[in-house]
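Novice: Here you go, this is start.csv (CSV, N, CA and C atoms).
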```csv
chain,number,residue,atom,x,y,z
A,14,MET,N,101.7,-102.5,-24.6
A,14,MET,CA,100.3,-102.6,-24.2
A,14,MET,C,99.5,-103.7,-25.0
A,15,ALA,N,99.9,-103.8,-26.3
A,15,ALA,CA,99.2,-104.8,-27.1
A,15,ALA,C,99.5,-106.2,-26.6
A,16,LYS,N,100.8,-106.4,-26.2
A,16,LYS,CA,101.2,-107.7,-25.7
A,16,LYS,C,100.4,-108.1,-24.4
A,17,VAL,N,100.1,-107.1,-23.6
A,17,VAL,CA,99.4,-107.4,-22.3
A,17,VAL,C,97.9,-107.7,-22.7
A,18,ALA,N,97.4,-107.1,-23.8
A,18,ALA,CA,96.1,-107.4,-24.2
A,18,ALA,C,96.0,-108.9,-24.7
A,19,GLU,N,97.1,-109.3,-25.4
A,19,GLU,CA,97.2,-110.7,-25.8
A,19,GLU,C,97.2,-111.6,-24.6
A,20,LEU,N,97.9,-111.2,-23.6
A,20,LEU,CA,97.9,-112.1,-22.4
A,20,LEU,C,96.6,-112.1,-21.7
A,21,GLN,N,95.8,-111.0,-21.7
A,21,GLN,CA,94.5,-111.0,-21.2
A,21,GLN,C,93.6,-112.0,-21.9
A,22,VAL,N,93.7,-112.1,-23.2
A,22,VAL,CA,92.9,-113.0,-24.0
A,22,VAL,C,93.3,-114.4,-23.7
A,23,LEU,N,94.6,-114.7,-23.5
A,23,LEU,CA,95.1,-116.0,-23.2
A,23,LEU,C,94.5,-116.5,-21.8
A,24,LEU,N,94.4,-115.5,-20.9
A,24,LEU,CA,93.9,-115.9,-19.5
A,24,LEU,C,92.4,-116.0,-19.4
A,25,GLU,N,91.6,-115.6,-20.4
A,25,GLU,CA,90.2,-115.7,-20.3
A,25,GLU,C,89.8,-117.2,-20.0
A,26,GLY,N,89.0,-117.4,-19.0
A,26,GLY,CA,88.6,-118.7,-18.7
A,26,GLY,C,89.3,-119.2,-17.4
A,27,VAL,N,90.4,-118.5,-17.0
A,27,VAL,CA,91.1,-118.9,-15.7
A,27,VAL,C,90.1,-118.7,-14.5
A,28,PRO,N,90.0,-119.7,-13.7
A,28,PRO,CA,89.1,-119.6,-12.5
A,28,PRO,C,89.7,-118.5,-11.6
A,29,LEU,N,88.8,-117.5,-11.3
A,29,LEU,CA,89.3,-116.4,-10.4
A,29,LEU,C,88.4,-116.4,-9.1
A,30,PRO,N,88.9,-115.9,-8.0
A,30,PRO,CA,90.3,-115.3,-7.8
A,30,PRO,C,91.3,-116.5,-7.8
A,31,THR,N,92.5,-116.1,-8.1
A,31,THR,CA,93.6,-117.1,-8.1
A,31,THR,C,94.9,-116.4,-7.8
A,32,GLY,N,95.9,-117.3,-7.5
A,32,GLY,CA,97.2,-116.8,-7.2
A,32,GLY,C,98.1,-116.7,-8.5
A,33,ARG,N,99.3,-116.2,-8.3
A,33,ARG,CA,100.3,-116.1,-9.4
A,33,ARG,C,100.6,-117.4,-10.0
A,34,GLN,N,100.9,-118.4,-9.2
A,34,GLN,CA,101.3,-119.7,-9.7
A,34,GLN,C,100.2,-120.4,-10.5
A,35,ALA,N,99.0,-120.2,-10.1
A,35,ALA,CA,97.9,-120.8,-10.9
A,35,ALA,C,97.7,-120.1,-12.2
A,36,LEU,N,98.0,-118.8,-12.2
A,36,LEU,CA,98.0,-118.0,-13.5
A,36,LEU,C,99.0,-118.6,-14.5
A,37,VAL,N,100.2,-118.8,-13.9
A,37,VAL,CA,101.3,-119.3,-14.7
A,37,VAL,C,101.0,-120.7,-15.3
A,38,GLU,N,100.5,-121.6,-14.4
A,38,GLU,CA,100.1,-122.9,-14.8
A,38,GLU,C,99.0,-122.9,-15.9
A,39,TYR,N,98.0,-122.1,-15.7
A,39,TYR,CA,96.9,-122.0,-16.7
A,39,TYR,C,97.5,-121.5,-18.0
A,40,ALA,N,98.4,-120.5,-18.0
A,40,ALA,CA,99.0,-119.9,-19.2
A,40,ALA,C,99.8,-121.0,-19.9
A,41,GLU,N,100.6,-121.8,-19.1
A,41,GLU,CA,101.4,-122.9,-19.7
A,41,GLU,C,100.5,-123.9,-20.4
A,42,HIS,N,99.4,-124.2,-19.8
A,42,HIS,CA,98.4,-125.2,-20.4
A,42,HIS,C,97.8,-124.6,-21.7
A,43,GLU,N,97.6,-123.3,-21.7
A,43,GLU,CA,97.0,-122.7,-22.9
A,43,GLU,C,98.1,-122.4,-24.0
A,44,GLY,N,99.4,-122.8,-23.8
A,44,GLY,CA,100.4,-122.6,-24.8
A,44,GLY,C,101.0,-121.2,-24.8
A,45,ALA,N,101.2,-120.6,-23.7
A,45,ALA,CA,101.7,-119.3,-23.6
A,45,ALA,C,103.1,-119.2,-24.1
A,46,ALA,N,103.4,-118.0,-24.7
A,46,ALA,CA,104.8,-117.7,-25.2
A,46,ALA,C,105.7,-117.5,-24.0
A,47,PRO,N,107.0,-117.7,-24.1
A,47,PRO,CA,107.9,-117.5,-23.0
A,47,PRO,C,107.8,-116.1,-22.4
A,48,TRP,N,107.6,-115.0,-23.2
A,48,TRP,CA,107.5,-113.7,-22.6
A,48,TRP,C,106.2,-113.5,-21.8
A,49,GLN,N,105.2,-114.3,-22.2
A,49,GLN,CA,103.9,-114.2,-21.4
A,49,GLN,C,104.1,-114.9,-20.0
A,50,LEU,N,104.8,-116.0,-20.0
A,50,LEU,CA,105.1,-116.7,-18.8
A,50,LEU,C,106.0,-115.9,-17.9
A,51,GLY,N,107.0,-115.2,-18.5
A,51,GLY,CA,107.9,-114.4,-17.7
A,51,GLY,C,107.1,-113.2,-17.1
A,52,ALA,N,106.2,-112.6,-17.8
A,52,ALA,CA,105.4,-111.5,-17.3
A,52,ALA,C,104.6,-112.0,-16.1
A,53,LEU,N,104.0,-113.2,-16.2
A,53,LEU,CA,103.1,-113.7,-15.1
A,53,LEU,C,104.0,-114.0,-13.9
A,54,ARG,N,105.2,-114.5,-14.2
A,54,ARG,CA,106.1,-114.8,-13.0
A,54,ARG,C,106.5,-113.6,-12.3
A,55,SER,N,106.5,-112.4,-13.0
A,55,SER,CA,106.9,-111.2,-12.4
A,55,SER,C,105.8,-110.6,-11.4
A,56,LEU,N,104.6,-111.1,-11.5
A,56,LEU,CA,103.5,-110.6,-10.6
A,56,LEU,C,103.9,-110.9,-9.2
A,57,PRO,N,103.4,-110.0,-8.3
A,57,PRO,CA,103.6,-110.3,-6.9
A,57,PRO,C,102.6,-111.4,-6.5
A,58,GLU,N,103.0,-112.2,-5.4
A,58,GLU,CA,102.2,-113.3,-5.0
A,58,GLU,C,101.0,-112.7,-4.2
A,59,GLN,N,99.9,-112.8,-4.7
A,59,GLN,CA,98.6,-112.3,-4.1
A,59,GLN,C,97.5,-113.0,-4.8
A,60,ARG,N,96.3,-112.8,-4.3
A,60,ARG,CA,95.1,-113.3,-4.9
A,60,ARG,C,94.6,-112.3,-6.0
A,61,TRP,N,94.6,-112.7,-7.2
A,61,TRP,CA,94.1,-111.8,-8.3
A,61,TRP,C,92.6,-112.1,-8.6
A,62,SER,N,91.8,-111.1,-8.5
A,62,SER,CA,90.4,-111.3,-8.6
A,62,SER,C,89.9,-111.0,-10.0
A,63,THR,N,90.7,-110.3,-10.8
A,63,THR,CA,90.3,-110.0,-12.2
A,63,THR,C,91.5,-110.1,-13.1
A,64,ILE,N,91.2,-110.4,-14.4
A,64,ILE,CA,92.3,-110.4,-15.4
A,64,ILE,C,92.7,-108.9,-15.6
A,65,ASP,N,91.8,-108.0,-15.5
A,65,ASP,CA,92.1,-106.6,-15.7
A,65,ASP,C,93.1,-106.1,-14.6
A,66,ALA,N,93.0,-106.6,-13.4
A,66,ALA,CA,93.9,-106.2,-12.3
A,66,ALA,C,95.3,-106.7,-12.7
A,67,VAL,N,95.4,-107.9,-13.3
A,67,VAL,CA,96.7,-108.5,-13.7
A,67,VAL,C,97.3,-107.6,-14.7
A,68,ALA,N,96.5,-107.2,-15.7
A,68,ALA,CA,97.0,-106.4,-16.8
A,68,ALA,C,97.4,-105.0,-16.3
A,69,GLU,N,96.6,-104.4,-15.5
A,69,GLU,CA,97.0,-103.1,-15.0
A,69,GLU,C,98.3,-103.1,-14.2
A,70,TRP,N,98.6,-104.2,-13.5
A,70,TRP,CA,99.8,-104.3,-12.8
A,70,TRP,C,101.0,-104.4,-13.8
A,71,LEU,N,100.8,-105.2,-14.8
A,71,LEU,CA,101.8,-105.4,-15.8
A,71,LEU,C,102.1,-104.1,-16.6
A,72,VAL,N,101.1,-103.4,-16.9
A,72,VAL,CA,101.2,-102.2,-17.8
A,72,VAL,C,101.5,-100.9,-16.9
A,73,ARG,N,101.1,-101.0,-15.7
A,73,ARG,CA,101.3,-99.8,-14.8
A,73,ARG,C,100.6,-98.6,-15.4
A,74,VAL,N,99.3,-98.8,-15.7
A,74,VAL,CA,98.5,-97.8,-16.3
A,74,VAL,C,98.5,-96.4,-15.6
A,75,GLN,N,98.3,-96.5,-14.3
A,75,GLN,CA,98.3,-95.2,-13.5
A,75,GLN,C,99.7,-94.8,-13.1
A,76,PRO,N,100.2,-93.7,-13.6
A,76,PRO,CA,101.5,-93.2,-13.2
A,76,PRO,C,101.4,-92.8,-11.7
A,77,PRO,N,102.6,-92.9,-11.0
A,77,PRO,CA,102.6,-92.5,-9.6
A,77,PRO,C,102.3,-91.0,-9.5
A,78,SER,N,101.6,-90.6,-8.4
A,78,SER,CA,101.3,-89.2,-8.2
A,78,SER,C,102.6,-88.4,-8.0
A,79,GLU,N,102.7,-87.3,-8.6
A,79,GLU,CA,103.9,-86.5,-8.5
A,79,GLU,C,103.8,-85.5,-7.3
A,80,ARG,N,102.6,-85.2,-6.8
A,80,ARG,CA,102.5,-84.2,-5.8
A,80,ARG,C,101.7,-84.8,-4.6
A,81,GLU,N,102.0,-84.5,-3.4
A,81,GLU,CA,101.3,-85.0,-2.3
A,81,GLU,C,100.0,-84.2,-2.1
A,82,GLU,N,100.0,-82.9,-2.3
A,82,GLU,CA,98.8,-82.1,-2.1
A,82,GLU,C,98.1,-82.0,-3.4
A,83,PRO,N,96.7,-82.0,-3.4
A,83,PRO,CA,96.0,-81.9,-4.6
A,83,PRO,C,96.1,-80.4,-5.1
A,84,HIS,N,95.9,-80.3,-6.4
A,84,HIS,CA,96.0,-79.0,-7.0
A,84,HIS,C,94.9,-78.0,-6.5
A,85,GLN,N,95.3,-76.8,-6.1
A,85,GLN,CA,94.3,-75.8,-5.6
A,85,GLN,C,93.9,-74.9,-6.8
A,86,ALA,N,92.6,-74.6,-6.8
A,86,ALA,CA,92.0,-73.8,-7.8
A,86,ALA,C,92.5,-72.3,-7.6
A,87,HIS,N,92.6,-71.6,-8.7
A,87,HIS,CA,93.0,-70.2,-8.7
A,87,HIS,C,91.8,-69.4,-8.2
A,88,GLU,N,92.1,-68.3,-7.5
A,88,GLU,CA,91.0,-67.4,-7.0
A,88,GLU,C,90.3,-66.8,-8.2
A,89,GLU,N,89.0,-66.7,-8.1
A,89,GLU,CA,88.2,-66.2,-9.3
A,89,GLU,C,88.3,-64.7,-9.3
A,90,SER,N,88.3,-64.1,-10.5
A,90,SER,CA,88.4,-62.6,-10.6
A,90,SER,C,87.1,-61.9,-10.3
A,91,GLY,N,86.0,-62.6,-10.5
A,91,GLY,CA,84.7,-61.9,-10.3
A,91,GLY,C,84.2,-61.4,-11.6
A,92,ALA,N,85.0,-61.2,-12.6
A,92,ALA,CA,84.6,-60.7,-13.9
A,92,ALA,C,83.9,-61.9,-14.7
A,93,PRO,N,82.9,-61.6,-15.5
A,93,PRO,CA,82.2,-62.6,-16.3
A,93,PRO,C,83.2,-63.1,-17.4
A,94,PRO,N,83.0,-64.4,-17.8
A,94,PRO,CA,83.9,-64.9,-18.8
A,94,PRO,C,83.6,-64.1,-20.1
A,95,GLY,N,84.6,-63.7,-20.8
A,95,GLY,CA,84.4,-62.9,-22.0
A,95,GLY,C,84.3,-61.4,-21.8
A,96,GLY,N,84.4,-61.0,-20.5
A,96,GLY,CA,84.3,-59.5,-20.2
A,96,GLY,C,82.9,-59.0,-20.5
A,97,ASP,N,82.9,-57.7,-21.0
A,97,ASP,CA,81.7,-57.0,-21.3
A,97,ASP,C,80.8,-57.7,-22.3
A,98,ALA,N,81.5,-58.4,-23.3
A,98,ALA,CA,80.8,-59.1,-24.3
A,98,ALA,C,79.8,-60.1,-23.8
A,99,TYR,N,80.1,-60.6,-22.6
A,99,TYR,CA,79.2,-61.6,-22.0
A,99,TYR,C,77.8,-61.1,-21.7
A,100,THR,N,77.7,-59.8,-21.4
A,100,THR,CA,76.4,-59.2,-21.0
A,100,THR,C,75.7,-58.6,-22.2
A,101,GLN,N,76.4,-58.5,-23.4
A,101,GLN,CA,75.7,-57.9,-24.5
A,101,GLN,C,74.9,-58.9,-25.2
A,102,PRO,N,73.7,-58.5,-25.7
A,102,PRO,CA,72.8,-59.5,-26.3
A,102,PRO,C,73.3,-60.0,-27.7
A,103,HIS,N,74.1,-59.1,-28.4
A,103,HIS,CA,74.6,-59.5,-29.7
A,103,HIS,C,76.1,-59.0,-29.8
A,104,PRO,N,77.0,-59.7,-29.1
A,104,PRO,CA,78.4,-59.3,-29.1
A,104,PRO,C,79.0,-59.6,-30.4
A,105,GLU,N,80.1,-58.9,-30.7
A,105,GLU,CA,80.8,-59.2,-32.0
A,105,GLU,C,81.6,-60.5,-31.8
A,106,SER,N,81.3,-61.4,-32.7
A,106,SER,CA,81.8,-62.8,-32.6
A,106,SER,C,83.3,-62.7,-32.9
A,107,GLY,N,84.1,-63.5,-32.1
A,107,GLY,CA,85.5,-63.6,-32.2
A,107,GLY,C,86.3,-62.4,-31.7
A,108,GLU,N,85.7,-61.5,-31.1
A,108,GLU,CA,86.4,-60.3,-30.5
A,108,GLU,C,87.4,-60.7,-29.5
A,109,VAL,N,88.5,-60.2,-29.6
A,109,VAL,CA,89.6,-60.5,-28.6
A,109,VAL,C,89.8,-59.3,-27.7
A,110,ARG,N,89.7,-59.5,-26.4
A,110,ARG,CA,89.9,-58.5,-25.4
A,110,ARG,C,91.4,-58.0,-25.3
A,111,ASP,N,91.6,-56.8,-25.0
A,111,ASP,CA,92.9,-56.3,-24.8
A,111,ASP,C,93.4,-56.8,-23.5
A,112,LYS,N,94.4,-57.6,-23.5
A,112,LYS,CA,94.9,-58.3,-22.2
A,112,LYS,C,95.4,-57.3,-21.2
A,113,ASP,N,95.9,-56.1,-21.7
A,113,ASP,CA,96.4,-55.1,-20.8
A,113,ASP,C,95.2,-54.3,-20.1
A,114,ALA,N,94.1,-54.3,-20.7
A,114,ALA,CA,92.9,-53.6,-20.2
A,114,ALA,C,92.1,-54.5,-19.2
A,115,VAL,N,92.4,-55.8,-19.1
A,115,VAL,CA,91.7,-56.7,-18.2
A,115,VAL,C,92.5,-56.7,-16.9
A,116,SER,N,91.8,-56.5,-15.8
A,116,SER,CA,92.4,-56.6,-14.5
A,116,SER,C,92.1,-58.0,-13.9
A,117,ALA,N,93.1,-58.5,-13.2
A,117,ALA,CA,93.0,-59.8,-12.7
A,117,ALA,C,92.3,-59.8,-11.3
```
Show this structure as structure tokens.

Specialist:
Amino acid sequence: MAKVAELQVLLEGVPLPTGRQALVEYAEHEGAAPWQLGALRSLPEQRWSTIDAVAEWLVRVQPPSEREEPHQAHEESGAPPGGDAYTQPHPESGEVRDKDAVSA
């Protein structure tokens, strides 16, 4: 991740939007290290509108979604949070409810 940040700093000043080859040429002109040039050459050929977009592609910040369907919320029990202590004006602090006495 730190290396990609270094690459972002190197690319500051590149005219955007631009393509992969122009990014490589700009980096070469700025004295990029071989690993930086290799990283830029691995980009897909497209128009890059921000340096952040380049970095996100290189780091793959967002992992792929593991599930097709969004998570569904559990049905609510209807009981207030904290049980009866919720409705008492001065409940005993830190009281733990008996899990067997609580109905779901």

Novice: Which is closest to A:Ala15 among A:Glu41, A:Leu36, A:Gly51, A:Ala68, if we use only C-alpha atoms?

Specialist: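 Closest candidate: A:Ala68.
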
Novice: List the neighbours of A:Leu29 out to 7 Å using all atoms listed in the file; skip same-chain residues closer than 4 positions along the sequence, and give me the result as a PDB file with N, CA and C atoms, in the coordinates of the input.

Specialist:
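Once everything was written out, this is around.pdb:
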```pdb
ATOM      1  N   TRP A  61      94.600-112.700  -7.200  1.00  0.00           N
ATOM      2  CA  TRP A  61      94.100-111.800  -8.300  1.00  0.00           C
ATOM      3  C   TRP A  61      92.600-112.100  -8.600  1.00  0.00           C
ATOM      4  N   SER A  62      91.800-111.100  -8.500  1.00  0.00           N
ATOM      5  CA  SER A  62      90.400-111.300  -8.600  1.00  0.00           C
ATOM      6  C   SER A  62      89.900-111.000 -10.000  1.00  0.00           C
ATOM      7  N   THR A  63      90.700-110.300 -10.800  1.00  0.00           N
ATOM      8  CA  THR A  63      90.300-110.000 -12.200  1.00  0.00           C
ATOM      9  C   THR A  63      91.500-110.100 -13.100  1.00  0.00           C
TER      10      THR A  63
END
```

Novice: Could you check how far atom CA of A:Thr100 sits from atom C of A:Ala86, in Å to one decimal?

Specialist: 24.7 Å

Novice: Would you work out the distance separating atom N of A:Arg60 from atom N of A:Ala18, expressed in Å to one decimal?

Specialist: 20.3 Å

Novice: Could you jot down the atom N of A:Leu50 to atom N of A:Pro30 separation for me, Å, one decimal place?

Specialist: 19.9 Å
